[in-house]
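As stored in start-v4.cif (mmCIF, C-alpha atoms):
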```cif
data_upload
#
loop_
_atom_site.label_atom_id
_atom_site.label_comp_id
_atom_site.auth_asym_id
_atom_site.auth_seq_id
_atom_site.Cartn_x
_atom_site.Cartn_y
_atom_site.Cartn_z
CA MET A 11 56.74 90.61 -62.40
CA THR A 12 59.15 92.64 -60.27
CA THR A 13 58.62 90.18 -57.40
CA LEU A 14 59.76 87.35 -59.63
CA THR A 15 62.93 89.16 -60.70
CA ASP A 16 63.54 90.14 -57.06
CA ALA A 17 63.07 86.51 -56.02
CA TRP A 18 65.50 85.48 -58.75
CA SER A 19 68.11 87.95 -57.57
CA TRP A 20 67.57 86.69 -53.99
CA LEU A 21 68.30 83.17 -55.21
CA THR A 22 71.38 84.24 -57.16
CA THR A 23 72.91 86.18 -54.27
CA ALA A 24 75.78 84.03 -52.98
CA ALA A 25 75.42 85.38 -49.43
CA HIS A 26 71.96 83.80 -49.12
CA TRP A 27 73.37 80.32 -49.74
CA SER A 28 76.10 80.19 -47.09
CA GLY A 29 76.09 80.28 -43.30
CA GLU A 30 73.77 79.02 -40.55
CA ASN A 31 70.65 80.48 -42.19
CA GLY A 32 71.85 79.89 -45.75
CA VAL A 33 70.09 77.75 -48.34
CA TRP A 34 72.69 74.95 -48.26
CA HIS A 35 72.46 74.50 -44.51
CA ARG A 36 68.64 74.57 -44.60
CA LEU A 37 68.57 72.13 -47.52
CA VAL A 38 70.81 69.69 -45.65
CA GLU A 39 68.55 69.99 -42.59
CA HIS A 40 65.49 69.38 -44.75
CA LEU A 41 66.99 66.33 -46.48
CA PHE A 42 68.31 64.96 -43.19
CA LEU A 43 64.85 65.23 -41.57
CA THR A 44 63.18 63.67 -44.63
CA VAL A 45 65.60 60.74 -44.97
CA VAL A 46 65.82 59.91 -41.25
CA CYS A 47 62.07 60.09 -40.79
CA LEU A 48 61.38 58.09 -43.96
CA ALA A 49 63.72 55.33 -42.71
CA LEU A 50 62.12 55.39 -39.25
CA SER A 51 58.58 55.30 -40.65
CA CYS A 52 59.41 52.43 -43.01
CA LEU A 53 60.94 50.46 -40.14
CA LEU A 54 57.80 51.06 -38.08
CA ALA A 55 55.06 50.72 -40.69
CA LEU A 56 56.20 48.16 -43.26
CA PRO A 57 56.76 45.10 -41.00
CA VAL A 58 53.36 45.70 -39.36
CA ALA A 59 51.63 46.16 -42.72
CA LEU A 60 53.29 43.09 -44.25
CA VAL A 61 52.37 40.81 -41.35
CA LEU A 62 48.80 42.18 -41.12
CA GLY A 63 48.41 41.88 -44.89
CA HIS A 64 49.77 38.32 -44.84
CA LEU A 65 47.38 37.32 -42.06
CA GLY A 66 44.53 39.29 -43.63
CA LYS A 67 43.79 41.05 -40.36
CA GLY A 68 43.49 44.70 -39.37
CA GLY A 69 42.05 46.05 -42.62
CA GLY A 70 39.90 48.51 -40.67
CA LEU A 71 43.00 49.82 -38.93
CA ALA A 72 44.75 50.50 -42.23
CA VAL A 73 41.79 52.43 -43.64
CA ASN A 74 41.02 54.39 -40.46
CA LEU A 75 44.67 55.37 -40.02
CA ALA A 76 44.72 56.85 -43.53
CA ASN A 77 41.56 58.85 -42.79
CA ALA A 78 42.89 60.07 -39.44
CA GLY A 79 46.16 61.15 -41.08
CA ARG A 80 44.14 63.36 -43.42
CA ALA A 81 41.80 64.83 -40.80
CA VAL A 82 44.42 65.81 -38.21
CA PRO A 83 46.24 69.03 -39.20
CA THR A 84 50.02 68.60 -39.30
CA PHE A 85 50.47 72.11 -37.93
CA ALA A 86 48.31 71.32 -34.88
CA VAL A 87 50.30 68.15 -34.09
CA LEU A 88 53.60 70.02 -34.45
CA VAL A 89 52.51 72.74 -32.03
CA LEU A 90 50.99 70.25 -29.58
CA LEU A 91 54.26 68.30 -29.49
CA LEU A 92 56.25 71.51 -29.14
CA LEU A 93 54.25 72.52 -26.05
CA SER A 94 54.38 68.99 -24.63
CA PRO A 95 57.16 67.91 -22.25
CA LEU A 96 59.06 66.77 -25.38
CA GLY A 97 59.23 70.37 -26.59
CA PRO A 98 62.66 71.31 -25.26
CA TYR A 99 64.38 68.29 -26.85
CA GLY A 100 65.59 69.94 -30.04
CA GLU A 101 64.31 68.33 -33.23
CA TRP A 102 62.43 65.49 -31.50
CA PRO A 103 58.96 67.07 -31.68
CA THR A 104 59.50 67.62 -35.42
CA ILE A 105 60.79 64.08 -35.98
CA ILE A 106 57.86 62.51 -34.12
CA ALA A 107 55.31 64.61 -36.02
CA LEU A 108 56.95 63.76 -39.35
CA VAL A 109 56.92 60.03 -38.59
CA LEU A 110 53.28 60.19 -37.46
CA PHE A 111 52.24 61.61 -40.83
CA ALA A 112 54.45 59.33 -42.94
CA VAL A 113 53.20 56.10 -41.34
CA PRO A 114 49.57 56.13 -42.65
CA PRO A 115 50.36 56.17 -46.42
CA LEU A 116 53.08 53.53 -45.92
CA LEU A 117 50.86 51.26 -43.88
CA THR A 118 47.75 51.63 -46.04
CA ASN A 119 49.49 51.12 -49.39
CA ALA A 120 51.58 48.16 -48.20
CA TYR A 121 48.48 46.55 -46.66
CA VAL A 122 46.37 47.08 -49.78
CA GLY A 123 49.25 45.75 -51.91
CA MET A 124 49.51 42.59 -49.80
CA ARG A 125 45.76 42.00 -49.89
CA GLY A 126 45.75 42.59 -53.65
CA VAL A 127 47.94 39.55 -54.30
CA ASP A 128 45.93 36.95 -56.21
CA ALA A 129 44.60 34.40 -53.71
CA ASP A 130 45.21 31.58 -56.23
CA VAL A 131 48.91 32.44 -56.35
CA VAL A 132 49.11 32.27 -52.55
CA ARG A 133 47.25 28.93 -52.56
CA ALA A 134 49.64 27.62 -55.22
CA ALA A 135 52.62 28.63 -53.04
CA ARG A 136 51.09 26.75 -50.09
CA GLY A 137 50.48 23.75 -52.32
CA MET A 138 54.16 23.71 -53.23
CA GLY A 139 54.89 23.34 -49.53
CA MET A 140 56.02 26.88 -48.75
CA THR A 141 55.76 27.96 -45.13
CA GLY A 142 53.93 31.16 -44.16
CA ALA A 143 57.19 33.10 -43.95
CA GLN A 144 58.34 31.80 -47.33
CA THR A 145 55.03 32.74 -48.94
CA LEU A 146 55.32 36.20 -47.42
CA THR A 147 58.88 36.93 -48.54
CA ARG A 148 59.04 35.06 -51.87
CA VAL A 149 55.52 35.42 -53.26
CA GLU A 150 53.46 38.14 -51.62
CA LEU A 151 56.21 40.70 -51.02
CA PRO A 152 57.49 40.81 -54.63
CA LEU A 153 53.95 41.01 -55.99
CA ALA A 154 52.99 43.76 -53.53
CA LEU A 155 56.16 45.76 -54.26
CA PRO A 156 54.60 48.27 -56.68
CA MET A 157 52.01 49.35 -54.10
CA ILE A 158 54.63 49.41 -51.33
CA LEU A 159 56.87 51.67 -53.44
CA THR A 160 53.89 53.92 -54.20
CA GLY A 161 53.35 54.23 -50.44
CA VAL A 162 57.01 55.11 -49.92
CA ARG A 163 56.76 57.78 -52.62
CA ILE A 164 53.62 59.35 -51.10
CA ALA A 165 55.25 59.25 -47.66
CA ALA A 166 58.44 60.92 -48.96
CA VAL A 167 56.51 63.78 -50.58
CA GLN A 168 54.40 64.10 -47.43
CA LEU A 169 57.59 64.29 -45.35
CA VAL A 170 59.00 67.11 -47.48
CA ALA A 171 55.72 69.00 -47.00
CA THR A 172 55.49 68.38 -43.26
CA ALA A 173 59.14 69.31 -42.73
CA THR A 174 58.29 72.65 -44.38
CA VAL A 175 55.41 73.28 -41.98
CA ALA A 176 57.75 72.38 -39.10
CA ALA A 177 59.48 75.71 -39.73
CA LEU A 178 56.31 77.45 -38.47
CA ALA A 179 56.83 75.67 -35.15
CA GLY A 180 60.50 76.56 -34.94
CA GLY A 181 61.92 73.49 -36.70
CA GLY A 182 64.73 73.63 -39.25
CA GLY A 183 64.66 73.06 -42.98
CA LEU A 184 63.89 75.13 -46.07
CA GLY A 185 60.60 76.30 -44.56
CA ARG A 186 62.69 78.58 -42.34
CA ILE A 187 63.57 80.67 -45.39
CA ILE A 188 59.86 81.21 -46.00
CA THR A 189 58.98 82.01 -42.37
CA ALA A 190 62.00 84.32 -42.08
CA GLY A 191 60.82 86.03 -45.26
CA PHE A 192 57.39 86.58 -43.71
CA ASN A 193 58.95 87.99 -40.54
CA LEU A 194 61.07 90.38 -42.61
CA ALA A 195 58.02 91.24 -44.77
CA SER A 196 60.24 90.33 -47.72
CA THR A 197 58.04 88.92 -50.47
CA PRO A 198 61.05 88.08 -52.71
CA GLN A 199 62.55 85.91 -49.96
CA VAL A 200 59.18 84.20 -49.32
CA VAL A 201 58.80 83.41 -53.03
CA ALA A 202 62.43 82.28 -53.33
CA GLY A 203 61.99 79.92 -50.37
CA ALA A 204 58.73 78.61 -51.80
CA VAL A 205 60.39 77.93 -55.17
CA LEU A 206 63.14 75.95 -53.41
CA VAL A 207 60.61 73.90 -51.40
CA ALA A 208 58.43 73.24 -54.45
CA ALA A 209 61.48 72.21 -56.49
CA LEU A 210 62.60 69.82 -53.75
CA ALA A 211 59.13 68.24 -53.50
CA LEU A 212 58.89 67.78 -57.27
CA LEU A 213 62.44 66.40 -57.35
CA VAL A 214 61.64 63.81 -54.66
CA GLU A 215 58.47 62.81 -56.54
CA GLY A 216 60.46 62.58 -59.79
CA VAL A 217 63.25 60.48 -58.23
CA PHE A 218 60.73 57.97 -56.86
CA GLU A 219 58.93 57.84 -60.20
CA GLY A 220 62.27 57.07 -61.81
CA VAL A 221 63.06 54.37 -59.25
CA GLN A 222 59.68 52.76 -59.89
CA ARG A 223 60.33 52.81 -63.64
CA LEU A 224 63.84 51.40 -63.33
CA ALA A 225 62.73 48.69 -60.92
CA PRO A 226 62.32 45.17 -62.36
CA ALA A 227 59.22 44.74 -64.48
CA GLY A 228 57.32 43.09 -61.63
CA ALA A 229 57.70 46.17 -59.44
CA ARG A 230 56.23 48.51 -62.01
CA GLY A 231 52.79 49.50 -60.87
CA SER A 232 49.95 51.58 -62.08
CA GLY A 233 49.05 52.53 -58.50
CA ALA A 234 47.99 56.14 -58.09
CA MET B 23 47.96 92.90 -3.28
CA THR B 24 45.71 90.05 -4.34
CA ALA B 25 46.95 86.53 -4.78
CA PRO B 26 46.95 85.30 -8.40
CA PRO B 27 43.85 83.22 -9.13
CA ASP B 28 44.46 79.51 -8.96
CA ASP B 29 42.42 78.31 -11.91
CA CYS B 30 43.26 76.22 -14.95
CA LEU B 31 44.09 79.35 -16.99
CA ALA B 32 46.69 80.47 -14.46
CA ARG B 33 48.10 76.93 -14.25
CA ASN B 34 48.21 76.75 -18.08
CA ASP B 35 46.49 73.34 -18.16
CA TRP B 36 45.90 71.53 -21.46
CA ILE B 37 42.20 71.07 -20.76
CA CYS B 38 40.51 74.15 -19.39
CA GLY B 39 36.77 74.77 -19.17
CA ALA B 40 37.37 78.39 -18.18
CA TYR B 41 39.19 78.97 -21.47
CA VAL B 42 36.23 77.77 -23.50
CA SER B 43 33.70 79.80 -21.49
CA THR B 44 35.70 83.05 -21.42
CA ARG B 45 36.85 82.92 -25.06
CA ASP B 46 33.69 81.56 -26.67
CA GLU B 47 33.44 84.58 -28.99
CA ILE B 48 37.00 84.19 -30.30
CA LEU B 49 36.43 80.46 -30.77
CA THR B 50 33.14 80.98 -32.61
CA ASP B 51 34.73 83.56 -34.94
CA ALA B 52 37.62 81.21 -35.67
CA VAL B 53 35.29 78.28 -36.38
CA VAL B 54 33.14 80.46 -38.68
CA GLN B 55 36.24 81.66 -40.56
CA HIS B 56 37.48 78.08 -40.80
CA LEU B 57 34.15 76.89 -42.23
CA GLN B 58 33.96 79.81 -44.68
CA LEU B 59 37.47 79.27 -46.02
CA THR B 60 36.88 75.53 -46.40
CA GLY B 61 33.40 75.88 -47.90
CA VAL B 62 34.30 78.57 -50.44
CA SER B 63 37.46 76.74 -51.54
CA VAL B 64 35.84 73.35 -52.02
CA ALA B 65 32.81 74.87 -53.79
CA LEU B 66 35.03 76.81 -56.21
CA ALA B 67 37.18 73.74 -56.81
CA LEU B 68 34.07 71.69 -57.59
CA LEU B 69 32.86 74.32 -60.08
CA LEU B 70 36.24 74.17 -61.85
CA ALA B 71 36.78 70.42 -61.59
CA LEU B 72 33.49 69.38 -63.15
CA PRO B 73 34.05 70.97 -66.59
CA LEU B 74 37.73 69.96 -66.54
CA ALA B 75 36.86 66.32 -65.88
CA VAL B 76 34.11 66.33 -68.52
CA LEU B 77 36.51 67.87 -71.08
CA ALA B 78 39.24 65.38 -70.21
CA ARG B 79 36.68 62.59 -70.70
CA ARG B 80 35.46 63.95 -74.08
CA TRP B 81 38.88 64.64 -75.56
CA ARG B 82 41.39 61.96 -74.77
CA TRP B 83 44.35 64.25 -75.55
CA ALA B 84 43.26 66.68 -72.81
CA ALA B 85 43.35 64.04 -70.06
CA GLY B 86 47.16 63.79 -69.90
CA PRO B 87 47.90 67.51 -69.45
CA VAL B 88 44.97 68.07 -67.05
CA LEU B 89 46.01 65.17 -64.79
CA GLY B 90 49.71 66.08 -65.11
CA ILE B 91 49.29 69.72 -64.13
CA THR B 92 46.95 69.00 -61.22
CA THR B 93 49.37 66.32 -59.93
CA VAL B 94 52.28 68.77 -60.02
CA LEU B 95 50.16 71.32 -58.12
CA TYR B 96 49.26 68.67 -55.54
CA THR B 97 52.92 67.80 -54.96
CA ILE B 98 53.84 71.37 -53.94
CA PRO B 99 53.74 71.63 -50.11
CA ALA B 100 50.95 73.85 -48.76
CA LEU B 101 53.23 76.39 -47.10
CA ALA B 102 55.15 76.82 -50.39
CA MET B 103 51.88 77.08 -52.35
CA PHE B 104 50.58 79.88 -50.14
CA SER B 105 53.97 81.62 -50.39
CA LEU B 106 54.05 81.37 -54.19
CA LEU B 107 50.64 83.04 -54.33
CA LEU B 108 51.76 85.88 -52.04
CA PRO B 109 52.80 88.27 -54.86
CA VAL B 110 49.38 87.79 -56.50
CA TYR B 111 47.02 87.99 -53.53
CA GLY B 112 49.03 89.62 -50.72
CA LEU B 113 48.17 88.83 -47.09
CA SER B 114 44.52 88.05 -47.75
CA ALA B 115 41.90 85.36 -47.31
CA ALA B 116 41.83 85.08 -51.12
CA LEU B 117 45.37 83.68 -50.98
CA VAL B 118 44.30 80.83 -48.69
CA VAL B 119 41.21 80.14 -50.82
CA ALA B 120 43.25 80.10 -54.04
CA GLY B 121 45.78 77.69 -52.55
CA LEU B 122 43.09 75.35 -51.25
CA VAL B 123 41.23 75.43 -54.59
CA LEU B 124 44.39 74.23 -56.35
CA TYR B 125 44.72 71.29 -53.93
CA SER B 126 41.06 70.27 -53.99
CA LEU B 127 41.05 70.50 -57.78
CA THR B 128 43.46 67.56 -58.12
CA LEU B 129 41.45 65.25 -55.89
CA LEU B 130 38.14 66.21 -57.51
CA VAL B 131 39.27 66.01 -61.15
CA ARG B 132 40.88 62.61 -60.59
CA ASN B 133 37.83 61.15 -58.88
CA ILE B 134 35.20 62.61 -61.22
CA LEU B 135 37.21 61.44 -64.24
CA ALA B 136 37.56 57.95 -62.76
CA GLY B 137 33.79 57.91 -62.14
CA LEU B 138 32.98 59.03 -65.71
CA ARG B 139 35.39 56.47 -67.18
CA ALA B 140 33.78 53.69 -65.15
CA VAL B 141 30.37 54.20 -66.82
CA PRO B 142 29.86 51.00 -68.88
CA GLU B 143 29.85 51.47 -72.65
CA GLU B 144 26.64 49.38 -72.86
CA THR B 145 24.85 51.89 -70.64
CA ARG B 146 25.97 54.73 -72.90
CA GLN B 147 24.81 52.86 -76.00
CA ALA B 148 21.46 52.05 -74.40
CA ALA B 149 20.91 55.74 -73.62
CA ARG B 150 21.86 56.71 -77.18
CA GLY B 151 19.45 54.08 -78.47
CA LEU B 152 16.70 55.70 -76.41
CA GLY B 153 17.40 58.93 -78.29
CA TYR B 154 19.52 60.73 -75.67
CA GLY B 155 21.64 63.57 -77.10
CA PRO B 156 25.20 64.15 -75.80
CA ILE B 157 24.15 66.71 -73.16
CA ARG B 158 21.23 64.70 -71.85
CA LEU B 159 23.47 61.61 -71.83
CA LEU B 160 25.99 63.48 -69.70
CA LEU B 161 23.48 65.02 -67.27
CA ALA B 162 20.98 62.18 -66.92
CA VAL B 163 23.19 59.09 -67.26
CA GLU B 164 26.94 59.65 -66.96
CA LEU B 165 27.10 62.19 -64.12
CA PRO B 166 24.65 60.33 -61.84
CA LEU B 167 26.60 57.10 -62.35
CA ALA B 168 29.87 58.93 -61.62
CA LEU B 169 28.39 60.37 -58.42
CA PRO B 170 29.72 57.80 -55.90
CA ALA B 171 33.32 58.28 -57.12
CA ALA B 172 32.88 62.06 -57.28
CA MET B 173 31.46 62.17 -53.74
CA ALA B 174 34.38 60.07 -52.47
CA GLY B 175 36.72 62.68 -53.97
CA LEU B 176 34.67 65.51 -52.47
CA ARG B 177 34.91 63.96 -49.01
CA ILE B 178 38.70 63.56 -49.23
CA ALA B 179 39.08 67.10 -50.62
CA THR B 180 36.92 68.60 -47.85
CA VAL B 181 38.70 66.80 -45.02
CA SER B 182 42.10 67.78 -46.46
CA ALA B 183 40.98 71.40 -46.87
CA VAL B 184 39.81 71.61 -43.22
CA SER B 185 43.26 70.46 -42.14
CA LEU B 186 45.18 72.71 -44.57
CA VAL B 187 43.29 75.89 -43.62
CA THR B 188 45.36 75.93 -40.39
CA ILE B 189 48.51 76.70 -42.42
CA GLY B 190 46.78 79.90 -43.58
CA ALA B 191 47.80 81.19 -40.14
CA ILE B 192 51.08 82.27 -41.77
CA VAL B 193 49.14 85.07 -43.52
CA GLY B 194 46.71 85.62 -40.62
CA HIS B 195 43.77 83.87 -42.33
CA GLY B 196 43.89 80.37 -40.92
CA GLY B 197 40.63 80.08 -38.97
CA LEU B 198 41.44 77.86 -35.98
CA GLY B 199 45.06 77.82 -37.21
CA ASN B 200 45.35 81.46 -36.08
CA LEU B 201 44.53 80.38 -32.52
CA ILE B 202 47.06 77.52 -32.72
CA TYR B 203 49.74 79.90 -34.04
CA ALA B 204 49.04 82.53 -31.38
CA GLY B 205 48.86 79.83 -28.70
CA MET B 206 52.24 78.50 -29.76
CA ASN B 207 53.89 81.92 -29.47
CA THR B 208 52.39 82.56 -26.01
CA TYR B 209 52.79 78.94 -24.82
CA PHE B 210 49.01 78.81 -24.22
CA LYS B 211 48.28 75.08 -23.97
CA ALA B 212 44.48 75.23 -23.55
CA GLN B 213 44.12 77.39 -26.68
CA VAL B 214 46.27 75.08 -28.84
CA LEU B 215 44.51 71.90 -27.70
CA THR B 216 40.99 73.35 -27.94
CA ALA B 217 41.58 74.73 -31.46
CA SER B 218 43.21 71.46 -32.61
CA VAL B 219 40.34 69.34 -31.30
CA LEU B 220 37.79 71.66 -32.93
CA CYS B 221 39.64 71.26 -36.24
CA VAL B 222 39.37 67.48 -36.10
CA VAL B 223 35.71 67.72 -35.04
CA ILE B 224 34.94 69.95 -38.06
CA ALA B 225 36.68 67.47 -40.38
CA VAL B 226 34.81 64.47 -38.98
CA VAL B 227 31.41 66.22 -39.00
CA ALA B 228 31.94 67.46 -42.59
CA ASP B 229 32.91 63.95 -43.68
CA LEU B 230 29.81 62.41 -42.07
CA LEU B 231 27.53 65.10 -43.54
CA LEU B 232 28.87 64.47 -47.04
CA LEU B 233 28.49 60.73 -46.51
CA GLY B 234 24.83 61.38 -45.62
CA VAL B 235 24.37 63.51 -48.75
CA GLN B 236 25.95 60.76 -50.82
CA ARG B 237 23.54 58.17 -49.40
CA LEU B 238 20.57 60.44 -50.20
CA LEU B 239 21.77 61.20 -53.74
CA THR B 240 22.63 57.63 -54.69
CA PRO B 241 19.90 55.43 -53.21
CA TRP B 242 20.74 52.68 -55.74
CA THR B 243 24.10 51.98 -54.13
CA ARG B 244 22.55 51.21 -50.75
CA GLY B 245 23.09 47.70 -49.57
CA GLN B 246 26.21 47.33 -51.68
CA ALA B 247 29.72 47.42 -50.35
CA GLY B 248 31.48 50.76 -50.43
#
```
Let me see the file written as structure tokens.
Amino acid sequence: MTTLTDAWSWLTTAAHWSGENGVWHRLVEHLFLTVVCLALSCLLALPVALVLGHLGKGGGLAVNLANAGRAVPTFAVLVLLLLSPLGPYGEWPTIIALVLFAVPPLLTNAYVGMRGVDADVVRAARGMGMTGAQTLTRVELPLALPMILTGVRIAAVQLVATATVAALAGGGGLGRIITAGFNLASTPQVVAGAVLVAALALLVEGVFEGVQRLAPAGARGSGA
Amino acid sequence: MTAPPDDCLARNDWICGAYVSTRDEILTDAVVQHLQLTGVSVALALLLALPLAVLARRWRWAAGPVLGITTVLYTIPALAMFSLLLPVYGLSAALVVAGLVLYSLTLLVRNILAGLRAVPEETRQAARGLGYGPIRLLLAVELPLALPAAMAGLRIATVSAVSLVTIGAIVGHGGLGNLIYAGMNTYFKAQVLTASVLCVVIAVVADLLLLGVQRLLTPWTRGQAG
């Protein structure tokens, strides 16, 4: 129990929140990494998934990518990128690793969502004289939206987690509070950092759940 | 004075046969530790998940809390999970195992429960009509029919666990992750690449082995999709 009270007093010490290594600065770094990489991954993954899903091609790719994303350790990719020629370029190794691990859930969920659209509905759209692009944007996309949003939510939570691991490989973010705590052999600081990271992850998950609930009825999904 | 040897170790190449041959003992130890941590965690998670899923199936009111709590646990990033367990377990292998059990639990409970729920009501009634009691119904009818879904969950949980063990390096019990961590600090490219590749190989082999077990255990699904 003393560790918990020590962790609490670490969190309530104003000095730990300000400055270069303070919580606020690390939180901003963490959110910046998460938001930028989520935007990048969506820009990369969603157009590809929507077009592949519309054409009904590349299903194997979508499944295999999801499996590969699970089998390859994030920590290994972070360290490999750090030791690669990209290593000296500041946050770039971290950003690339984060994007690599956010793309599979986005791609797979969007693809599955597109393929899950009732074939009769698509045929009806064609029968009404819609072009391929019109069918994609006006029929398939709205119907696939719940699955696409689920993919975005999984990717966002994954990004928060990967950004934490990035601290092990010298990246910024809240994970640095944990790794610094380990280096100082300060269990209260480690626990305090972990509480902050866990709270952020749960908050991101909660915000996306809320967005999915507030979205128009058609975008509400039961996707896992 | 002798000239420094001009081999791949001295050049710090990514791919280095000399690294593998001179460090084979370290590599073997790391692989064994990796397999032990993964195996123990997934086995413990399976032992816990099975009764939880069966209970959540029996009593509808238990399903919500069980799924809710495991989902919250799954959302917590691995590094934070290990750190939260630090006051309880200290810098030990038990900490890594406990963290991995909590992750695998979510995947297993969800999949076993989905498998149990997918058993058709007619099948259940037919078994009851044949005089099956609740326990025999569970063991001889429901669990075998839930096996494909449960095995799918077990495969995902195992592959994820193999990958997450590496983060145990933060407490010095990360199997191949220890080599990656040490290699990062000493800028030792061959060590990082070799350990990373071995990690992926373990994950792929474990996945294929479990797929084989699944085929053997569920001969009736052969020839069907999935």
May I ask you to extract the residues of chain A within 7 Å of chain B, using all atoms listed in the file, and to give them as number ranges by chain?
A: 13, 80-83, 85-86, 89-90, 93, 167, 171, 174-175, 197, 200-201, 204, 207-208, 211-212
Requested write-out: C-alpha atoms of the selected residues, as a short mmCIF file (atom, residue, chain, number, x, y, z; two decimals), keeping the file's coordinate frame:
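Wrote again.cif, looks like this:
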```cif
data_model
loop_
_atom_site.label_atom_id
_atom_site.label_comp_id
_atom_site.auth_asym_id
_atom_site.auth_seq_id
_atom_site.Cartn_x
_atom_site.Cartn_y
_atom_site.Cartn_z
CA THR A 13 58.62 90.18 -57.40
CA ARG A 80 44.14 63.36 -43.42
CA ALA A 81 41.80 64.83 -40.80
CA VAL A 82 44.42 65.81 -38.21
CA PRO A 83 46.24 69.03 -39.20
CA PHE A 85 50.47 72.11 -37.93
CA ALA A 86 48.31 71.32 -34.88
CA VAL A 89 52.51 72.74 -32.03
CA LEU A 90 50.99 70.25 -29.58
CA LEU A 93 54.25 72.52 -26.05
CA VAL A 167 56.51 63.78 -50.58
CA ALA A 171 55.72 69.00 -47.00
CA THR A 174 58.29 72.65 -44.38
CA VAL A 175 55.41 73.28 -41.98
CA THR A 197 58.04 88.92 -50.47
CA VAL A 200 59.18 84.20 -49.32
CA VAL A 201 58.80 83.41 -53.03
CA ALA A 204 58.73 78.61 -51.80
CA VAL A 207 60.61 73.90 -51.40
CA ALA A 208 58.43 73.24 -54.45
CA ALA A 211 59.13 68.24 -53.50
CA LEU A 212 58.89 67.78 -57.27
#
```
Name all residues at most 6 Å from segment 133-146 of chain B (count only C-alpha atoms; drop same-chain ones fewer than 5 positions away) and give them as a PyMOL selection string.
chain B and resi 75+168+171-172+175
Report as a Markdown table: every residue of segment 41-90 of chain A with an atom at most 8 Å from segment 103-125 of chain A, its closest pair of atoms, and their distance in Å to one decimal, counting all atoms listed in the file, with rows sorted by chain and ascending residue number.
```
| residue | atom | partner | partner_atom | distance |
| --- | --- | --- | --- | --- |
| A:Leu43 | CA | A:Ile105 | CA | 7.0 |
| A:Cys47 | CA | A:Val109 | CA | 5.6 |
| A:Leu48 | CA | A:Ala112 | CA | 7.1 |
| A:Leu50 | CA | A:Val109 | CA | 7.0 |
| A:Ser51 | CA | A:Val109 | CA | 5.4 |
| A:Cys52 | CA | A:Leu116 | CA | 7.1 |
| A:Leu54 | CA | A:Val113 | CA | 7.6 |
| A:Ala55 | CA | A:Leu117 | CA | 5.3 |
| A:Leu56 | CA | A:Leu117 | CA | 6.2 |
| A:Val58 | CA | A:Leu117 | CA | 7.6 |
| A:Ala59 | CA | A:Tyr121 | CA | 5.1 |
| A:Leu60 | CA | A:Tyr121 | CA | 6.4 |
| A:Leu62 | CA | A:Tyr121 | CA | 7.1 |
| A:Gly63 | CA | A:Tyr121 | CA | 5.0 |
| A:His64 | CA | A:Met124 | CA | 6.5 |
| A:Gly66 | CA | A:Arg125 | CA | 6.9 |
| A:Gly69 | CA | A:Tyr121 | CA | 7.6 |
| A:Ala72 | CA | A:Thr118 | CA | 5.0 |
| A:Val73 | CA | A:Thr118 | CA | 6.5 |
| A:Leu75 | CA | A:Pro114 | CA | 5.6 |
| A:Ala76 | CA | A:Pro114 | CA | 5.0 |
| A:Gly79 | CA | A:Phe111 | CA | 6.1 |
| A:Thr84 | CA | A:Ala107 | CA | 7.4 |
| A:Val87 | CA | A:Ala107 | CA | 6.4 |
| A:Leu88 | CA | A:Ala107 | CA | 5.9 |
```
Please measure the separation of atom CA of Pro57 of chain A and atom CA of Pro156 of chain A, giving the value in Å to one decimal.
16.1 Å
Gap from atom CA of Ala202 of chain A to atom CA of Ala49 of chain A - Å, one decimal:
29.0 Å
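Atom to atom, atom CA of Ala134 of chain A and atom CA of Gly161 of chain A stand 27.3 Å apart.
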Which residues, written as an MDAnalysis selection string, have at least one atom at most 9 Å from segment 27-38 of chain A, with all atoms listed in the file counted and residues fewer than 3 positions away on the same chain left out?
chainID A and resid 21:24 41:43 182:187 203 206 210
Taking (42.7, 71.0, -53.3) in the coordinates of the supplied file, I want to know which residues reach to within 8 Å of it, counting all atoms listed in the file; could you give the answer as a tab-separated table (two decimals) with C-alpha atoms, keeping the file's coordinate frame?
```tsv
chain	number	residue	atom	x	y	z
B	63	SER	CA	37.46	76.74	-51.54
B	64	VAL	CA	35.84	73.35	-52.02
B	67	ALA	CA	37.18	73.74	-56.81
B	96	TYR	CA	49.26	68.67	-55.54
B	121	GLY	CA	45.78	77.69	-52.55
B	122	LEU	CA	43.09	75.35	-51.25
B	123	VAL	CA	41.23	75.43	-54.59
B	124	LEU	CA	44.39	74.23	-56.35
B	125	TYR	CA	44.72	71.29	-53.93
B	126	SER	CA	41.06	70.27	-53.99
B	127	LEU	CA	41.05	70.50	-57.78
B	128	THR	CA	43.46	67.56	-58.12
B	129	LEU	CA	41.45	65.25	-55.89
B	130	LEU	CA	38.14	66.21	-57.51
B	179	ALA	CA	39.08	67.10	-50.62
B	182	SER	CA	42.10	67.78	-46.46
B	183	ALA	CA	40.98	71.40	-46.87
```
As JSON: centre and edge lengths in Å, one decimal, of the axis-aligned box holding segment 160-174 of chain A with 4 Å per side:
```
{"center_x": 56.2, "center_y": 63.3, "center_z": -48.5, "size_x": 13.8, "size_y": 26.7, "size_z": 19.5}
```
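For the choices B:Thr50, B:Thr216, B:Gln147, B:Gln58, the atom-to-atom distance to Leu159 of chain B is smallest for B:Gln147 when using all atoms listed in the file.
Counting all atoms listed in the file and comparing A:Leu92, A:Ile188, A:Val162, A:Ala129, the residue that lies closest to Glu219 of chain A is A:Val162.
The closest residue to Leu65 of chain A, picked from A:Ala78, A:Leu146, A:Ile164, A:Leu14 and counting all atoms listed in the file, is A:Leu146.
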